[in-house]
>>> print(open('work_2.cif').read())   # mmCIF, C-alpha atoms and all ligand atoms
data_input
#
loop_
_atom_site.group_PDB
_atom_site.id
_atom_site.type_symbol
_atom_site.label_atom_id
_atom_site.label_comp_id
_atom_site.auth_asym_id
_atom_site.auth_seq_id
_atom_site.Cartn_x
_atom_site.Cartn_y
_atom_site.Cartn_z
ATOM 1 C CA MET A 277 22.346 79.072 92.373
ATOM 2 C CA THR A 278 21.469 76.533 95.049
ATOM 3 C CA LYS A 279 23.868 73.719 95.842
ATOM 4 C CA THR A 280 22.692 70.324 94.569
ATOM 5 C CA ILE A 281 21.322 67.853 97.130
ATOM 6 C CA ARG A 282 23.573 64.834 96.578
ATOM 7 C CA LYS A 283 23.449 62.999 99.878
ATOM 8 C CA ALA A 284 20.629 61.633 102.009
ATOM 9 C CA VAL A 285 20.572 60.391 105.586
ATOM 10 C CA PHE A 286 18.377 57.454 106.607
ATOM 11 C CA PRO A 287 18.083 57.130 110.399
ATOM 12 C CA VAL A 288 17.626 53.376 110.859
ATOM 13 C CA ALA A 289 18.850 52.843 114.406
ATOM 14 C CA GLY A 290 15.397 52.583 116.057
ATOM 15 C CA LEU A 291 14.620 49.468 118.066
ATOM 16 C CA GLY A 292 11.189 48.882 116.525
ATOM 17 C CA THR A 293 9.573 48.124 119.869
ATOM 18 C CA ARG A 294 6.110 48.805 118.389
ATOM 19 C CA PHE A 295 6.617 45.786 116.131
ATOM 20 C CA LEU A 296 7.725 43.084 118.515
ATOM 21 C CA PRO A 297 8.104 40.169 118.258
ATOM 22 C CA ALA A 298 8.743 40.610 114.476
ATOM 23 C CA THR A 299 11.601 43.013 115.189
ATOM 24 C CA LYS A 300 13.348 40.941 117.842
ATOM 25 C CA ALA A 301 15.954 39.759 115.321
ATOM 26 C CA VAL A 302 14.940 41.601 112.109
ATOM 27 C CA PRO A 303 15.336 45.392 111.797
ATOM 28 C CA LYS A 304 11.919 47.006 111.317
ATOM 29 C CA GLU A 305 13.183 48.699 108.155
ATOM 30 C CA MET A 306 13.721 45.270 106.617
ATOM 31 C CA LEU A 307 10.128 44.069 107.114
ATOM 32 C CA THR A 308 8.602 43.279 103.741
ATOM 33 C CA VAL A 309 6.120 45.474 101.936
ATOM 34 C CA VAL A 310 4.895 43.112 99.198
ATOM 35 C CA ASP A 311 8.270 41.679 98.204
ATOM 36 C CA ARG A 312 10.867 44.311 99.118
ATOM 37 C CA PRO A 313 12.093 45.698 102.421
ATOM 38 C CA ALA A 314 10.194 48.819 103.478
ATOM 39 C CA LEU A 315 13.521 50.697 103.454
ATOM 40 C CA GLN A 316 13.998 49.985 99.745
ATOM 41 C CA TYR A 317 10.957 52.110 98.855
ATOM 42 C CA VAL A 318 12.425 55.078 100.693
ATOM 43 C CA VAL A 319 15.862 54.632 99.113
ATOM 44 C CA ASP A 320 14.132 54.508 95.701
ATOM 45 C CA GLU A 321 12.331 57.759 96.507
ATOM 46 C CA ALA A 322 15.700 59.350 97.259
ATOM 47 C CA LYS A 323 17.177 57.995 94.016
ATOM 48 C CA ALA A 324 14.252 59.419 92.044
ATOM 49 C CA ALA A 325 15.044 62.821 93.569
ATOM 50 C CA GLY A 326 18.641 62.662 92.295
ATOM 51 C CA ILE A 327 20.365 61.490 95.484
ATOM 52 C CA GLU A 328 23.754 59.926 94.728
ATOM 53 C CA HIS A 329 25.022 58.928 98.165
ATOM 54 C CA PHE A 330 23.017 57.072 100.800
ATOM 55 C CA VAL A 331 24.027 57.450 104.439
ATOM 56 C CA PHE A 332 22.529 54.969 106.885
ATOM 57 C CA VAL A 333 22.700 55.749 110.590
ATOM 58 C CA THR A 334 22.372 52.266 112.007
ATOM 59 C CA GLY A 335 22.747 50.618 115.393
ATOM 60 C CA ARG A 336 23.364 47.251 116.950
ATOM 61 C CA GLY A 337 21.550 44.385 115.218
ATOM 62 C CA LYS A 338 21.153 46.280 111.941
ATOM 63 C CA ALA A 339 23.980 44.665 109.962
ATOM 64 C CA ILE A 340 21.655 42.989 107.465
ATOM 65 C CA ILE A 341 20.730 46.428 106.152
ATOM 66 C CA GLU A 342 24.322 46.695 104.944
ATOM 67 C CA ASP A 343 24.073 43.232 103.393
ATOM 68 C CA HIS A 344 20.902 44.171 101.554
ATOM 69 C CA PHE A 345 22.683 47.001 99.745
ATOM 70 C CA ASP A 346 25.665 44.829 98.809
ATOM 71 C CA ILE A 347 26.214 42.208 96.102
ATOM 72 C CA ASN A 348 25.578 38.643 97.262
ATOM 73 C CA PHE A 349 27.981 36.736 94.997
ATOM 74 C CA GLU A 350 26.910 33.289 96.144
ATOM 75 C CA LEU A 351 23.254 34.024 95.498
ATOM 76 C CA ASN A 352 24.012 35.594 92.104
ATOM 77 C CA ALA A 353 26.099 32.588 91.032
ATOM 78 C CA THR A 354 23.389 30.150 92.091
ATOM 79 C CA LEU A 355 20.626 32.101 90.325
ATOM 80 C CA GLU A 356 22.785 32.363 87.187
ATOM 81 C CA SER A 357 23.571 28.654 87.114
ATOM 82 C CA ARG A 358 19.833 27.930 87.400
ATOM 83 C CA ASN A 359 18.916 30.466 84.698
ATOM 84 C CA LYS A 360 16.706 32.386 87.133
ATOM 85 C CA THR A 361 17.022 35.606 85.157
ATOM 86 C CA GLU A 362 14.051 37.420 86.673
ATOM 87 C CA ALA A 363 15.105 36.653 90.237
ATOM 88 C CA LEU A 364 18.650 37.750 89.433
ATOM 89 C CA GLU A 365 17.368 41.004 87.997
ATOM 90 C CA SER A 366 15.226 41.620 91.071
ATOM 91 C CA VAL A 367 18.205 41.381 93.428
ATOM 92 C CA ASN A 368 20.506 43.514 91.306
ATOM 93 C CA ARG A 369 18.039 46.154 90.122
ATOM 94 C CA ASP A 370 18.049 47.994 93.428
ATOM 95 C CA LEU A 371 21.792 47.938 94.101
ATOM 96 C CA PRO A 372 23.406 51.301 94.735
ATOM 97 C CA LYS A 373 26.666 51.935 92.871
ATOM 98 C CA ALA A 374 29.863 50.764 94.564
ATOM 99 C CA GLY A 375 30.969 53.415 97.043
ATOM 100 C CA ALA A 376 27.579 55.168 97.027
ATOM 101 C CA THR A 377 26.599 54.018 100.528
ATOM 102 C CA SER A 378 27.951 54.868 103.982
ATOM 103 C CA PHE A 379 27.057 53.304 107.291
ATOM 104 C CA THR A 380 27.667 54.817 110.686
ATOM 105 C CA ARG A 381 26.300 53.858 114.070
ATOM 106 C CA GLN A 382 24.268 55.842 116.509
ATOM 107 C CA GLN A 383 25.795 54.322 119.621
ATOM 108 C CA ALA A 384 22.931 55.171 121.961
ATOM 109 C CA PRO A 385 19.213 55.900 121.294
ATOM 110 C CA LEU A 386 19.348 59.610 122.123
ATOM 111 C CA GLY A 387 16.798 60.823 119.570
ATOM 112 C CA LEU A 388 16.388 61.792 115.919
ATOM 113 C CA GLY A 389 18.500 64.940 116.268
ATOM 114 C CA HIS A 390 21.371 62.898 117.623
ATOM 115 C CA ALA A 391 20.981 60.307 114.837
ATOM 116 C CA VAL A 392 21.250 62.996 112.158
ATOM 117 C CA TRP A 393 24.242 64.567 113.949
ATOM 118 C CA CYS A 394 26.005 61.181 113.746
ATOM 119 C CA ALA A 395 26.151 61.647 109.941
ATOM 120 C CA ARG A 396 27.944 65.031 110.112
ATOM 121 C CA ASP A 397 31.400 63.861 108.952
ATOM 122 C CA ILE A 398 29.975 61.888 106.047
ATOM 123 C CA ILE A 399 27.776 64.777 104.892
ATOM 124 C CA GLY A 400 30.417 67.497 105.321
ATOM 125 C CA ASP A 401 29.690 71.091 104.318
ATOM 126 C CA GLU A 402 26.787 70.726 101.895
ATOM 127 C CA PRO A 403 22.980 70.705 102.082
ATOM 128 C CA PHE A 404 21.509 67.220 102.385
ATOM 129 C CA ALA A 405 18.249 65.301 102.687
ATOM 130 C CA VAL A 406 16.872 63.261 105.579
ATOM 131 C CA LEU A 407 14.264 60.574 104.961
ATOM 132 C CA LEU A 408 12.531 58.818 107.861
ATOM 133 C CA PRO A 409 12.157 55.247 106.649
ATOM 134 C CA ASP A 410 8.989 54.579 108.682
ATOM 135 C CA MET A 411 7.075 56.869 106.367
ATOM 136 C CA LEU A 412 6.294 55.397 102.945
ATOM 137 C CA MET A 413 5.042 58.197 100.735
ATOM 138 C CA LYS A 414 3.172 57.224 97.616
ATOM 139 C CA HIS A 415 2.564 59.641 94.770
ATOM 140 C CA HIS A 416 3.306 59.852 91.038
ATOM 141 C CA THR A 417 5.811 62.596 91.902
ATOM 142 C CA PRO A 418 7.958 61.224 94.741
ATOM 143 C CA CYS A 419 7.793 63.504 97.784
ATOM 144 C CA LEU A 420 11.518 64.302 97.959
ATOM 145 C CA LYS A 421 11.555 65.086 94.235
ATOM 146 C CA SER A 422 8.906 67.797 94.663
ATOM 147 C CA MET A 423 10.917 69.170 97.596
ATOM 148 C CA VAL A 424 14.134 69.233 95.551
ATOM 149 C CA ASP A 425 12.240 71.091 92.796
ATOM 150 C CA ALA A 426 10.939 73.633 95.323
ATOM 151 C CA TYR A 427 14.426 73.973 96.842
ATOM 152 C CA ALA A 428 15.887 74.803 93.415
ATOM 153 C CA LYS A 429 13.765 77.976 93.567
ATOM 154 C CA THR A 430 13.842 78.809 97.284
ATOM 155 C CA GLY A 431 17.172 77.502 98.599
ATOM 156 C CA GLY A 432 17.367 77.283 102.392
ATOM 157 C CA ASN A 433 15.736 74.362 104.190
ATOM 158 C CA VAL A 434 12.642 72.482 103.020
ATOM 159 C CA LEU A 435 10.295 70.194 104.971
ATOM 160 C CA SER A 436 7.454 67.969 103.797
ATOM 161 C CA LEU A 437 4.133 68.871 105.419
ATOM 162 C CA GLU A 438 0.819 67.107 105.817
ATOM 163 C CA ALA A 439 -2.328 67.833 107.782
ATOM 164 C CA CYS A 440 -3.113 65.691 110.827
ATOM 165 C CA ASP A 441 -6.186 65.326 112.997
ATOM 166 C CA PRO A 442 -5.919 68.338 115.363
ATOM 167 C CA ALA A 443 -6.239 65.920 118.293
ATOM 168 C CA GLN A 444 -3.043 64.111 117.181
ATOM 169 C CA THR A 445 -0.532 66.978 117.229
ATOM 170 C CA SER A 446 1.355 65.459 120.163
ATOM 171 C CA SER A 447 2.563 62.650 117.863
ATOM 172 C CA TYR A 448 4.445 64.977 115.495
ATOM 173 C CA GLY A 449 6.572 68.034 114.847
ATOM 174 C CA ILE A 450 4.066 70.820 114.072
ATOM 175 C CA VAL A 451 4.840 73.982 112.100
ATOM 176 C CA ALA A 452 3.663 77.592 112.104
ATOM 177 C CA LEU A 453 3.349 78.900 108.557
ATOM 178 C CA GLY A 454 4.329 82.297 107.168
ATOM 179 C CA ASP A 455 3.588 83.491 103.628
ATOM 180 C CA THR A 456 2.452 81.229 100.824
ATOM 181 C CA LEU A 457 4.872 81.297 97.899
ATOM 182 C CA ASP A 458 3.193 78.865 95.611
ATOM 183 C CA GLU A 459 0.052 76.746 95.942
ATOM 184 C CA ASP A 460 1.830 74.057 97.960
ATOM 185 C CA VAL A 461 4.974 75.906 99.061
ATOM 186 C CA HIS A 462 4.890 78.016 102.216
ATOM 187 C CA GLN A 463 7.355 79.828 104.435
ATOM 188 C CA ILE A 464 7.768 78.256 107.858
ATOM 189 C CA LYS A 465 8.292 80.680 110.699
ATOM 190 C CA GLY A 466 8.215 78.323 113.668
ATOM 191 C CA MET A 467 7.861 74.730 114.778
ATOM 192 C CA VAL A 468 7.385 72.705 117.921
ATOM 193 C CA GLU A 469 7.943 69.016 118.617
ATOM 194 C CA LYS A 470 4.930 67.034 119.836
ATOM 195 C CA PRO A 471 2.787 69.897 121.229
ATOM 196 C CA LYS A 472 -0.493 69.271 123.018
ATOM 197 C CA PRO A 473 -3.431 70.259 120.765
ATOM 198 C CA ALA A 474 -4.040 73.453 122.740
ATOM 199 C CA GLU A 475 -0.431 74.555 122.204
ATOM 200 C CA ALA A 476 -0.078 73.528 118.560
ATOM 201 C CA PRO A 477 0.398 76.417 116.104
ATOM 202 C CA SER A 478 -1.455 74.482 113.356
ATOM 203 C CA ASN A 479 -2.321 70.915 112.394
ATOM 204 C CA LEU A 480 0.406 70.730 109.755
ATOM 205 C CA PHE A 481 3.032 68.188 110.702
ATOM 206 C CA ILE A 482 6.535 67.479 109.471
ATOM 207 C CA SER A 483 5.947 64.209 107.681
ATOM 208 C CA GLY A 484 9.438 62.761 107.504
ATOM 209 C CA ARG A 485 11.315 64.339 104.586
ATOM 210 C CA TYR A 486 13.807 67.153 105.103
ATOM 211 C CA ILE A 487 16.290 69.201 103.080
ATOM 212 C CA LEU A 488 18.685 70.829 105.520
ATOM 213 C CA GLN A 489 21.646 73.181 105.416
ATOM 214 C CA PRO A 490 24.820 71.842 107.045
ATOM 215 C CA GLU A 491 24.684 74.566 109.744
ATOM 216 C CA ILE A 492 22.194 72.273 111.465
ATOM 217 C CA PHE A 493 25.096 70.098 112.675
ATOM 218 C CA ASP A 494 26.611 72.812 114.907
ATOM 219 C CA LEU A 495 23.199 73.362 116.457
ATOM 220 C CA LEU A 496 22.622 69.655 116.999
ATOM 221 C CA GLU A 497 25.994 69.410 118.705
ATOM 222 C CA THR A 498 24.781 71.651 121.520
ATOM 223 C CA GLN A 499 21.118 70.688 121.427
ATOM 224 C CA GLU A 500 19.600 69.947 124.811
ATOM 225 C CA ARG A 501 17.080 67.185 125.251
ATOM 226 C CA GLY A 502 13.483 68.103 124.478
ATOM 227 C CA ALA A 503 10.201 66.196 124.037
ATOM 228 C CA GLY A 504 10.404 62.611 125.296
ATOM 229 C CA ASN A 505 13.767 63.489 126.877
ATOM 230 C CA GLU A 506 15.390 63.036 123.446
ATOM 231 C CA ILE A 507 17.618 65.270 121.333
ATOM 232 C CA GLN A 508 15.050 66.498 118.812
ATOM 233 C CA LEU A 509 15.817 67.552 115.248
ATOM 234 C CA THR A 510 12.836 69.934 115.407
ATOM 235 C CA ASP A 511 14.414 71.891 118.293
ATOM 236 C CA SER A 512 17.611 72.535 116.325
ATOM 237 C CA MET A 513 15.626 73.404 113.201
ATOM 238 C CA LEU A 514 13.722 75.998 115.235
ATOM 239 C CA ARG A 515 17.060 77.593 116.159
ATOM 240 C CA LEU A 516 18.171 77.481 112.514
ATOM 241 C CA VAL A 517 14.993 79.322 111.367
ATOM 242 C CA GLU A 518 16.542 82.487 112.838
ATOM 243 C CA THR A 519 19.446 82.503 110.373
ATOM 244 C CA SER A 520 18.397 80.322 107.462
ATOM 245 C CA PRO A 521 14.906 80.284 105.875
ATOM 246 C CA PHE A 522 12.617 77.252 106.079
ATOM 247 C CA TYR A 523 9.931 76.304 103.580
ATOM 248 C CA GLY A 524 7.239 73.656 103.706
ATOM 249 C CA VAL A 525 5.989 71.636 100.742
ATOM 250 C CA ARG A 526 2.499 70.136 101.171
ATOM 251 C CA PHE A 527 2.573 66.490 100.144
ATOM 252 C CA ARG A 528 -0.622 65.516 98.318
ATOM 253 C CA GLY A 529 -0.063 61.773 97.991
ATOM 254 C CA THR A 530 -0.703 59.020 100.526
ATOM 255 C CA THR A 531 1.596 58.433 103.475
ATOM 256 C CA PHE A 532 1.797 55.138 105.316
ATOM 257 C CA ASP A 533 3.350 55.116 108.760
ATOM 258 C CA THR A 534 4.816 51.623 108.606
ATOM 259 C CA GLY A 535 5.936 52.051 112.206
ATOM 260 C CA THR A 536 2.341 51.204 113.140
ATOM 261 C CA LYS A 537 0.744 47.848 112.458
ATOM 262 C CA LEU A 538 -2.236 49.394 110.673
ATOM 263 C CA GLY A 539 -0.026 51.591 108.483
ATOM 264 C CA PHE A 540 2.148 48.614 107.636
ATOM 265 C CA LEU A 541 -0.840 46.517 106.523
ATOM 266 C CA GLN A 542 -2.275 49.432 104.550
ATOM 267 C CA ALA A 543 1.060 49.911 102.764
ATOM 268 C CA ASN A 544 1.116 46.243 101.786
ATOM 269 C CA ILE A 545 -2.379 46.508 100.320
ATOM 270 C CA ALA A 546 -1.777 49.852 98.598
ATOM 271 C CA TYR A 547 1.497 48.799 96.960
ATOM 272 C CA GLY A 548 0.312 45.215 96.484
ATOM 273 C CA GLN A 549 -2.849 46.066 94.565
ATOM 274 C CA GLU A 550 -0.774 47.569 91.761
ATOM 275 C CA ARG A 551 1.259 44.430 91.313
ATOM 276 C CA THR A 552 -0.431 42.650 88.451
ATOM 277 C CA ASP A 553 2.823 40.714 88.032
ATOM 278 C CA ILE A 554 1.853 38.818 91.203
ATOM 279 C CA HIS A 555 -1.642 38.039 89.911
ATOM 280 C CA PRO A 556 -3.527 39.511 86.924
ATOM 281 C CA ASN A 557 -6.597 40.182 89.088
ATOM 282 C CA ILE A 558 -4.743 41.276 92.206
ATOM 283 C CA LYS A 559 -7.122 44.196 92.872
ATOM 284 C CA SER A 560 -10.289 42.115 92.850
ATOM 285 C CA GLU A 561 -8.586 39.315 94.810
ATOM 286 C CA LEU A 562 -7.679 41.769 97.580
ATOM 287 C CA ALA A 563 -11.065 43.498 97.407
ATOM 288 C CA ALA A 564 -12.812 40.134 97.838
ATOM 289 C CA LEU A 565 -10.797 39.514 100.969
ATOM 290 C CA LEU A 566 -11.763 42.867 102.434
ATOM 291 C CA ARG A 567 -15.464 42.541 101.644
HETATM 292 C C1 LIG B 601 9.671 62.205 114.178
HETATM 293 C C2 LIG B 601 9.934 63.719 114.244
HETATM 294 C C3 LIG B 601 8.626 64.496 114.104
HETATM 295 C C4 LIG B 601 7.918 64.082 112.824
HETATM 296 C C5 LIG B 601 7.706 62.571 112.814
HETATM 297 C C6 LIG B 601 7.123 62.104 111.483
HETATM 298 O O1 LIG B 601 8.969 61.812 115.322
HETATM 299 O O2 LIG B 601 10.582 64.016 115.460
HETATM 300 O O3 LIG B 601 8.891 65.871 114.093
HETATM 301 O O4 LIG B 601 6.685 64.769 112.707
HETATM 302 O O5 LIG B 601 8.947 61.873 113.001
HETATM 303 O O6 LIG B 601 6.842 60.736 111.561
HETATM 304 P P1 LIG B 601 8.873 60.257 115.772
HETATM 305 O O7 LIG B 601 7.858 59.624 114.867
HETATM 306 O O8 LIG B 601 10.229 59.671 115.580
HETATM 307 O O9 LIG B 601 8.429 60.280 117.194
#
>>> encode(input="work_2.cif", output="structure tokens")
Amino acid sequence: MTKTIRKAVFPVAGLGTRFLPATKAVPKEMLTVVDRPALQYVVDEAKAAGIEHFVFVTGRGKAIIEDHFDINFELNATLESRNKTEALESVNRDLPKAGATSFTRQQAPLGLGHAVWCARDIIGDEPFAVLLPDMLMKHHTPCLKSMVDAYAKTGGNVLSLEACDPAQTSSYGIVALGDTLDEDVHQIKGMVEKPKPAEAPSNLFISGRYILQPEIFDLLETQERGAGNEIQLTDSMLRLVETSPFYGVRFRGTTFDTGTKLGFLQANIAYGQERTDIHPNIKSELAALLR
């Protein structure tokens, strides 16, 4: 029996320098995709995978993330008094249960590995998920859900994988595969953070969803800086491979890297074109614009 994945970590401390000036005063995770913060889509993905507790590793200037996941009494009262039922529903629909969120701060930008390590006391001694909020992953089966399903059979650690252009390996964590267990589930025997194409073991990259055993925290504690002079999660995972198995689940949907301007625009169009509530002919309206 595998232990249930109840908690998820969302590293949201990044400065968003690729999105200035928009992110000068607004956290990048709060930028709007159609009509909801980008972060909300990722939290919803976690919810759909059965996550019960949401751990946000924040930083300075990120306080409105906490406000977004709280009740705004004044707003609710105003909407109620004006009979704005739909608007009221839209603000309350996404609320996590009371006590189901935790916020901790990564005090200095030392890397993803360090951000995850900051959540160690809140996670405790149980396996957990990590979702990188830059990556919006669109599919009828949410990415983390398919990973949780695979984990129920394999146990251990599970990463989401996608193929990248072989020339782009130095932007990602790249894995070396072992045996194939199922069509889209493979053993992972090695990994390297941001390798040059000539040194990359494959073109399969870790696309931003993780299920990890709590032993990772002890490794992160002593992890030396790696690529980009940052404490890398991939480096500690590589050490964990020696004692705890890793599996990769190929994600077959569409991923939008909303950390880039192009990815952000594409996400708005992809999610927007389904929203017939905005306009009955939303698809053709958008298509006309792109023609
Ligand atoms: C991080 C991870 C990397 C992963 C990538 C996915 O890198 O370190 O392994 O492939 O996210 O987006 P970053 O994008 O923070 O440089």
>>> closest_residue(input="work_2.cif", among="A:Met513, A:Ala426, A:Val319, A:Met411", to="Gln499 of chain A", atoms="only C-alpha atoms")
A:Met513
>>> resolve_selection(input="work_2.cif", expression="the PyMOL selection byres (((chain A and resi 533-540) around 9) and not hetatm)", output="PyMOL selection string")
chain A and resi 292+294-295+304-305+309+314+409-413+531-532+541-545
>>> closest_residue(input="work_2.cif", among="A:Gly504, A:Gly337, A:Pro521, A:Pro556", to="ligand LIG 601 (chain B)", atoms="all atoms listed in the file")
A:Gly504
>>> residues_around(input="work_2.cif", residues="segment 395-405 of chain A", least_positions_apart="4", cutoff="6 Å", atoms="all atoms listed in the file", output="list in words")
Ile281, Lys283, Ala284, Tyr486, Ile487, Leu488, Gln489 and Pro490 of chain A
>>> closest_atom_pairs(input="work_2.cif", of="chain A", to="ligand LIG 601 (chain B)", cutoff="9 Å", atoms="all atoms listed in the file", output="JSON lines")
{"residue": "A:Gly290", "atom": "CA", "partner": "B:LIG601", "partner_atom": "O8", "distance": 8.8}
{"residue": "A:Gly387", "atom": "CA", "partner": "B:LIG601", "partner_atom": "O8", "distance": 7.8}
{"residue": "A:Leu388", "atom": "CA", "partner": "B:LIG601", "partner_atom": "O2", "distance": 6.2}
{"residue": "A:Gly389", "atom": "CA", "partner": "B:LIG601", "partner_atom": "O2", "distance": 8.0}
{"residue": "A:Leu408", "atom": "CA", "partner": "B:LIG601", "partner_atom": "O5", "distance": 7.0}
{"residue": "A:Asp410", "atom": "CA", "partner": "B:LIG601", "partner_atom": "O6", "distance": 7.1}
{"residue": "A:Met411", "atom": "CA", "partner": "B:LIG601", "partner_atom": "O6", "distance": 6.5}
{"residue": "A:Leu437", "atom": "CA", "partner": "B:LIG601", "partner_atom": "O4", "distance": 8.7}
{"residue": "A:Thr445", "atom": "CA", "partner": "B:LIG601", "partner_atom": "O4", "distance": 8.8}
{"residue": "A:Ser447", "atom": "CA", "partner": "B:LIG601", "partner_atom": "O9", "distance": 6.4}
{"residue": "A:Tyr448", "atom": "CA", "partner": "B:LIG601", "partner_atom": "O4", "distance": 3.6}
{"residue": "A:Gly449", "atom": "CA", "partner": "B:LIG601", "partner_atom": "O3", "distance": 3.3}
{"residue": "A:Ile450", "atom": "CA", "partner": "B:LIG601", "partner_atom": "O4", "distance": 6.7}
{"residue": "A:Met467", "atom": "CA", "partner": "B:LIG601", "partner_atom": "O3", "distance": 8.9}
{"residue": "A:Val468", "atom": "CA", "partner": "B:LIG601", "partner_atom": "O3", "distance": 8.0}
{"residue": "A:Glu469", "atom": "CA", "partner": "B:LIG601", "partner_atom": "O3", "distance": 5.6}
{"residue": "A:Lys470", "atom": "CA", "partner": "B:LIG601", "partner_atom": "O3", "distance": 7.1}
{"residue": "A:Phe481", "atom": "CA", "partner": "B:LIG601", "partner_atom": "O4", "distance": 5.4}
{"residue": "A:Ile482", "atom": "CA", "partner": "B:LIG601", "partner_atom": "O4", "distance": 4.2}
{"residue": "A:Ser483", "atom": "CA", "partner": "B:LIG601", "partner_atom": "C6", "distance": 4.5}
{"residue": "A:Gly484", "atom": "CA", "partner": "B:LIG601", "partner_atom": "C6", "distance": 4.7}
{"residue": "A:Arg485", "atom": "CA", "partner": "B:LIG601", "partner_atom": "C6", "distance": 8.4}
{"residue": "A:Ala503", "atom": "CA", "partner": "B:LIG601", "partner_atom": "O2", "distance": 8.9}
{"residue": "A:Gly504", "atom": "CA", "partner": "B:LIG601", "partner_atom": "O9", "distance": 8.7}
{"residue": "A:Gln508", "atom": "CA", "partner": "B:LIG601", "partner_atom": "O2", "distance": 6.1}
{"residue": "A:Leu509", "atom": "CA", "partner": "B:LIG601", "partner_atom": "O2", "distance": 6.3}
{"residue": "A:Thr510", "atom": "CA", "partner": "B:LIG601", "partner_atom": "O3", "distance": 5.8}
{"residue": "A:Asp533", "atom": "CA", "partner": "B:LIG601", "partner_atom": "O6", "distance": 7.2}
{"residue": "A:Gly535", "atom": "CA", "partner": "B:LIG601", "partner_atom": "O7", "distance": 8.3}
>>> atom_distance(input="work_2.cif", atom1="atom CA of Phe330 of chain A", atom2="atom CA of His462 of chain A")
27.7 Å
>>> closest_atom_pairs(input="work_2.cif", of="segment 472-492 of chain A", to="segment 452-459 of chain A", cutoff="12 Å", atoms="only C-alpha atoms", output="JSON lines")
{"residue": "A:Glu475", "atom": "CA", "partner": "A:Ala452", "partner_atom": "CA", "distance": 11.3}
{"residue": "A:Ala476", "atom": "CA", "partner": "A:Ala452", "partner_atom": "CA", "distance": 8.5}
{"residue": "A:Pro477", "atom": "CA", "partner": "A:Ala452", "partner_atom": "CA", "distance": 5.3}
{"residue": "A:Ser478", "atom": "CA", "partner": "A:Ala452", "partner_atom": "CA", "distance": 6.1}
{"residue": "A:Asn479", "atom": "CA", "partner": "A:Ala452", "partner_atom": "CA", "distance": 9.0}
{"residue": "A:Leu480", "atom": "CA", "partner": "A:Ala452", "partner_atom": "CA", "distance": 8.0}
{"residue": "A:Phe481", "atom": "CA", "partner": "A:Ala452", "partner_atom": "CA", "distance": 9.5}
{"residue": "A:Ile482", "atom": "CA", "partner": "A:Ala452", "partner_atom": "CA", "distance": 10.8}
>>> write_last_selection(input="work_2.cif", atoms="C-alpha atoms", output="PDB file, in the frame of the given file")
ATOM      1  CA  GLU A 475      -0.431  74.555 122.204  1.00  0.00           C
ATOM      2  CA  ALA A 476      -0.078  73.528 118.560  1.00  0.00           C
ATOM      3  CA  PRO A 477       0.398  76.417 116.104  1.00  0.00           C
ATOM      4  CA  SER A 478      -1.455  74.482 113.356  1.00  0.00           C
ATOM      5  CA  ASN A 479      -2.321  70.915 112.394  1.00  0.00           C
ATOM      6  CA  LEU A 480       0.406  70.730 109.755  1.00  0.00           C
ATOM      7  CA  PHE A 481       3.032  68.188 110.702  1.00  0.00           C
ATOM      8  CA  ILE A 482       6.535  67.479 109.471  1.00  0.00           C
TER       9      ILE A 482
END
>>> resolve_selection(input="work_2.cif", expression="the PyMOL selection byres (((chain A and resi 343) around 12) and not hetatm)", output="MDAnalysis selection string")
chainID A and resid 306 338:342 344:349 367 371:372 377 379
>>> atom_distance(input="work_2.cif", atom1="atom CA of Leu565 of chain A", atom2="atom CA of Asp553 of chain A")
18.8 Å
>>> closest_residue(input="work_2.cif", among="A:Ala391, A:Arg312, A:Val424, A:Glu365", to="Gly326 of chain A", atoms="all atoms listed in the file")
A:Val424
>>> atom_distance(input="work_2.cif", atom1="atom CA of Val331 of chain A", atom2="atom CA of Pro303 of chain A")
16.6 Å
>>> closest_residue(input="work_2.cif", among="A:Asp370, A:Glu561, A:Glu362, A:Glu500", to="Lys323 of chain A", atoms="only C-alpha atoms")
A:Asp370
>>> decode(input="work_2.cif", residues="segment 500-505 of chain A", atoms="N, CA, C and O atoms", output="PDB file, in the first residue's frame")
ATOM      1  N   GLU A 500      24.651  20.904  -2.364  1.00  0.00           N
ATOM      2  CA  GLU A 500      25.496  22.024  -2.809  1.00  0.00           C
ATOM      3  C   GLU A 500      24.883  22.685  -4.028  1.00  0.00           C
ATOM      4  O   GLU A 500      24.061  22.081  -4.714  1.00  0.00           O
ATOM      5  N   ARG A 501      25.308  23.891  -4.290  1.00  0.00           N
ATOM      6  CA  ARG A 501      24.796  24.605  -5.459  1.00  0.00           C
ATOM      7  C   ARG A 501      25.211  23.898  -6.739  1.00  0.00           C
ATOM      8  O   ARG A 501      26.309  23.350  -6.810  1.00  0.00           O
ATOM      9  N   GLY A 502      24.320  23.944  -7.725  1.00  0.00           N
ATOM     10  CA  GLY A 502      24.606  23.300  -9.015  1.00  0.00           C
ATOM     11  C   GLY A 502      24.432  24.293 -10.147  1.00  0.00           C
ATOM     12  O   GLY A 502      24.890  25.446 -10.065  1.00  0.00           O
ATOM     13  N   ALA A 503      23.712  23.855 -11.203  1.00  0.00           N
ATOM     14  CA  ALA A 503      23.499  24.701 -12.393  1.00  0.00           C
ATOM     15  C   ALA A 503      22.993  26.077 -11.986  1.00  0.00           C
ATOM     16  O   ALA A 503      22.162  26.197 -11.075  1.00  0.00           O
ATOM     17  N   GLY A 504      23.528  27.110 -12.637  1.00  0.00           N
ATOM     18  CA  GLY A 504      23.098  28.484 -12.355  1.00  0.00           C
ATOM     19  C   GLY A 504      23.473  28.950 -10.959  1.00  0.00           C
ATOM     20  O   GLY A 504      22.903  29.925 -10.452  1.00  0.00           O
ATOM     21  N   ASN A 505      24.368  28.190 -10.307  1.00  0.00           N
ATOM     22  CA  ASN A 505      24.792  28.504  -8.933  1.00  0.00           C
ATOM     23  C   ASN A 505      23.625  28.468  -7.946  1.00  0.00           C
ATOM     24  O   ASN A 505      23.613  29.161  -6.947  1.00  0.00           O
TER      25      ASN A 505
END
